[in-house]
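Everything below concerns the one structure shown next.
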Amino acid sequence: MPTVELHVAAPGPTESTTASIEKAVARPGSPFQACPPGPQGQARTGTLEPAAGENLPPLSVRCWADVRTEAGFDVVGLNLVAPGDGPDYTIAEGKGLRPGEEVDLPGTGSFMAARWTFVVTDTYARPVYAKALTRTAGAGEFPHYEFRRDERRSLYNNVCSDGDGAPNTWRHVPTFAWPFELDWISACSE
């Protein structure tokens with residue numbers, strides 16, 4: 001085969017850490033807008049209100065960011081735990097789980113951890129990885145929310161455990177896919 005020559009643009013300068021975090025958080029519909037991390041990724045707390053018309057308690061959350069600088073772009077990992085006063089837990093970037101595989105989430109009550117990773121340049125912030133892990137304790141039924149562009153849609157297909165040692169659940173959102181999904185664990189009474 002003959003040689004094919006491709007011309008590509010050289011990467012531009014990377015954003016500051018603060019600007020990269022702000023671009024990732026500003027993604028339309030992002031739950032991280034309720035608790036935007038500090039300028040260097042410091043943790044902040046906030047409250048997610050349920051979508052209009054849903055009779056659910058607010059969800060307290062704590063969010064932080066980690067930023068890795070590469071040649072011409074930043075990789076911004078937005079991290080979230082609920083409840084907001086829950087223990088620290090970070091989902092490793094790129095970690096996948098097999099069906100039925102459990103993880104050791106901290107504590108014993110209802111707990112959720114999530115990660116949304118973006119590649120950020122001077123012109124865009126593109127999601128490349130999303131994952132949420134949840135453990136529920138208590139009775140009831142609760143929804144998970146799909147955050148799509150600038151709308152939020154709830155789906156009631158999760159059930160809180162009966163309180164006797166709920167197994168961890170797992171979900172994998174392919175790197176190319178919308179939405180970013182969160183379980184509304186505050187609906188579970190412990």
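Quick note on naming: the chains in the structure tokens go A, B, ... in the order shown, residues restart at 1 in each chain, and ligands are numbered from 1 in order of appearance.
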
DSSP alpha helix (DSSP H) selection over segment 7-134 of chain A, as an MDAnalysis selection string
chainID A and resid 17:25

Tell me which protein, DNA and RNA residues are within 9 Å of Ile21 of chain A, counting only C-alpha atoms, leaving out same-chain ones fewer than 5 positions away, and put them as number ranges by chain.
A: 16, 26, 36-41, 65-67, 76-78, 120

Let me see the file: selected residues, all heavy atoms, as a short mmCIF file (atom, residue, chain, number, x, y, z; two decimals), in the first residue's frame.
data_model
loop_
_atom_site.label_atom_id
_atom_site.label_comp_id
_atom_site.auth_asym_id
_atom_site.auth_seq_id
_atom_site.Cartn_x
_atom_site.Cartn_y
_atom_site.Cartn_z
N SER A 16 -5.22 26.00 33.08
CA SER A 16 -4.81 25.95 34.48
C SER A 16 -5.66 24.86 35.15
O SER A 16 -6.72 24.48 34.64
CB SER A 16 -5.04 27.29 35.16
OG SER A 16 -6.43 27.55 35.28
N ALA A 26 -18.80 22.36 34.44
CA ALA A 26 -19.81 23.12 33.69
C ALA A 26 -20.57 22.30 32.66
O ALA A 26 -21.51 22.80 32.05
CB ALA A 26 -19.14 24.31 32.99
N PRO A 36 -19.31 22.11 43.47
CA PRO A 36 -18.12 22.24 42.63
C PRO A 36 -16.84 22.19 43.47
O PRO A 36 -16.74 22.87 44.48
CB PRO A 36 -18.29 23.61 41.97
CG PRO A 36 -19.26 24.35 42.82
CD PRO A 36 -20.13 23.31 43.46
N PRO A 37 -15.87 21.36 43.06
CA PRO A 37 -14.62 21.28 43.81
C PRO A 37 -13.91 22.64 43.83
O PRO A 37 -14.13 23.49 42.97
CB PRO A 37 -13.79 20.26 43.02
CG PRO A 37 -14.80 19.45 42.27
CD PRO A 37 -15.91 20.41 41.95
N GLY A 38 -13.04 22.82 44.83
CA GLY A 38 -12.27 24.06 44.95
C GLY A 38 -11.30 24.22 43.79
O GLY A 38 -11.14 23.32 42.96
N PRO A 39 -10.60 25.37 43.71
CA PRO A 39 -9.75 25.68 42.57
C PRO A 39 -8.61 24.69 42.32
O PRO A 39 -8.17 24.54 41.19
CB PRO A 39 -9.20 27.07 42.88
CG PRO A 39 -9.68 27.45 44.21
CD PRO A 39 -10.66 26.44 44.68
N GLN A 40 -8.16 24.01 43.35
CA GLN A 40 -7.12 22.99 43.18
C GLN A 40 -7.69 21.59 43.38
O GLN A 40 -6.94 20.64 43.60
CB GLN A 40 -5.97 23.24 44.16
CG GLN A 40 -5.27 24.58 43.96
CD GLN A 40 -4.69 24.70 42.56
OE1 GLN A 40 -3.97 23.81 42.10
NE2 GLN A 40 -5.01 25.78 41.86
N GLY A 41 -9.02 21.47 43.34
CA GLY A 41 -9.68 20.17 43.47
C GLY A 41 -10.15 19.85 44.87
O GLY A 41 -10.63 18.75 45.13
N ALA A 65 -11.89 16.92 43.05
CA ALA A 65 -11.33 16.62 41.72
C ALA A 65 -9.86 16.29 41.84
O ALA A 65 -9.15 16.79 42.71
CB ALA A 65 -11.52 17.81 40.79
N ASP A 66 -9.41 15.42 40.94
CA ASP A 66 -7.97 15.20 40.76
C ASP A 66 -7.66 15.52 39.30
O ASP A 66 -8.45 15.21 38.41
CB ASP A 66 -7.54 13.79 41.16
CG ASP A 66 -8.37 12.69 40.51
OD1 ASP A 66 -8.16 12.44 39.30
OD2 ASP A 66 -9.20 12.09 41.20
N VAL A 67 -6.53 16.18 39.09
CA VAL A 67 -6.16 16.65 37.75
C VAL A 67 -4.78 16.13 37.40
O VAL A 67 -3.84 16.25 38.19
CB VAL A 67 -6.18 18.20 37.67
CG1 VAL A 67 -5.79 18.66 36.27
CG2 VAL A 67 -7.55 18.74 38.06
N VAL A 76 -9.25 15.36 34.02
CA VAL A 76 -9.91 15.80 35.25
C VAL A 76 -10.83 14.69 35.73
O VAL A 76 -11.78 14.32 35.03
CB VAL A 76 -10.71 17.10 35.03
CG1 VAL A 76 -11.43 17.51 36.31
CG2 VAL A 76 -9.80 18.21 34.53
N GLY A 77 -10.57 14.16 36.92
CA GLY A 77 -11.44 13.17 37.54
C GLY A 77 -12.31 13.86 38.58
O GLY A 77 -11.80 14.36 39.57
N LEU A 78 -13.62 13.93 38.32
CA LEU A 78 -14.57 14.47 39.29
C LEU A 78 -15.06 13.31 40.14
O LEU A 78 -15.53 12.31 39.61
CB LEU A 78 -15.73 15.16 38.59
CG LEU A 78 -15.38 16.36 37.72
CD1 LEU A 78 -16.63 16.89 37.02
CD2 LEU A 78 -14.71 17.46 38.53
N VAL A 120 -9.75 17.50 29.04
CA VAL A 120 -10.02 18.92 28.90
C VAL A 120 -8.89 19.58 28.11
O VAL A 120 -7.72 19.41 28.45
CB VAL A 120 -10.15 19.60 30.28
CG1 VAL A 120 -10.44 21.10 30.13
CG2 VAL A 120 -11.24 18.93 31.11
#

Determine, for each residue of segment 1-40 of chain A having at least one atom at most 9 Å from an atom of segment 133-150 of chain A, the closest pair of atoms and their separation in Å to one decimal, counting only C-alpha atoms; order by chain and ascending number, as JSON lines.
{"residue": "A:Arg27", "atom": "CA", "partner": "A:Arg149", "partner_atom": "CA", "distance": 7.5}
{"residue": "A:Pro28", "atom": "CA", "partner": "A:Asp150", "partner_atom": "CA", "distance": 4.8}
{"residue": "A:Gly29", "atom": "CA", "partner": "A:Asp150", "partner_atom": "CA", "distance": 4.1}
{"residue": "A:Ser30", "atom": "CA", "partner": "A:Phe147", "partner_atom": "CA", "distance": 6.6}
{"residue": "A:Pro31", "atom": "CA", "partner": "A:Phe147", "partner_atom": "CA", "distance": 7.4}

Could you dump the residues just selected with N, CA, C and O atoms as a PDB file, in the first residue's frame?
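What landed in selection13.pdb:
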ATOM      1  N   ARG A  27     -20.198  21.050  32.484  1.00  0.00           N
ATOM      2  CA  ARG A  27     -20.904  20.202  31.528  1.00  0.00           C
ATOM      3  C   ARG A  27     -22.401  20.279  31.804  1.00  0.00           C
ATOM      4  O   ARG A  27     -22.844  20.065  32.936  1.00  0.00           O
ATOM      5  N   PRO A  28     -23.240  20.603  30.815  1.00  0.00           N
ATOM      6  CA  PRO A  28     -24.677  20.749  31.066  1.00  0.00           C
ATOM      7  C   PRO A  28     -25.266  19.507  31.735  1.00  0.00           C
ATOM      8  O   PRO A  28     -24.990  18.379  31.343  1.00  0.00           O
ATOM      9  N   GLY A  29     -26.044  19.737  32.784  1.00  0.00           N
ATOM     10  CA  GLY A  29     -26.688  18.653  33.504  1.00  0.00           C
ATOM     11  C   GLY A  29     -25.818  17.991  34.549  1.00  0.00           C
ATOM     12  O   GLY A  29     -26.240  17.037  35.181  1.00  0.00           O
ATOM     13  N   SER A  30     -24.604  18.478  34.770  1.00  0.00           N
ATOM     14  CA  SER A  30     -23.684  17.821  35.698  1.00  0.00           C
ATOM     15  C   SER A  30     -24.140  17.935  37.145  1.00  0.00           C
ATOM     16  O   SER A  30     -24.417  19.039  37.621  1.00  0.00           O
ATOM     17  N   PRO A  31     -24.198  16.817  37.881  1.00  0.00           N
ATOM     18  CA  PRO A  31     -24.525  16.892  39.309  1.00  0.00           C
ATOM     19  C   PRO A  31     -23.419  17.582  40.108  1.00  0.00           C
ATOM     20  O   PRO A  31     -23.654  18.029  41.226  1.00  0.00           O
TER      21      PRO A  31
END

Could you pull out the strand (DSSP E) residues of chain A from DSSP and send them as a PyMOL selection string?
chain A and resi 44-48+59-70+73-82+111-120+125-135+141-148+151-159+169-173+180-183
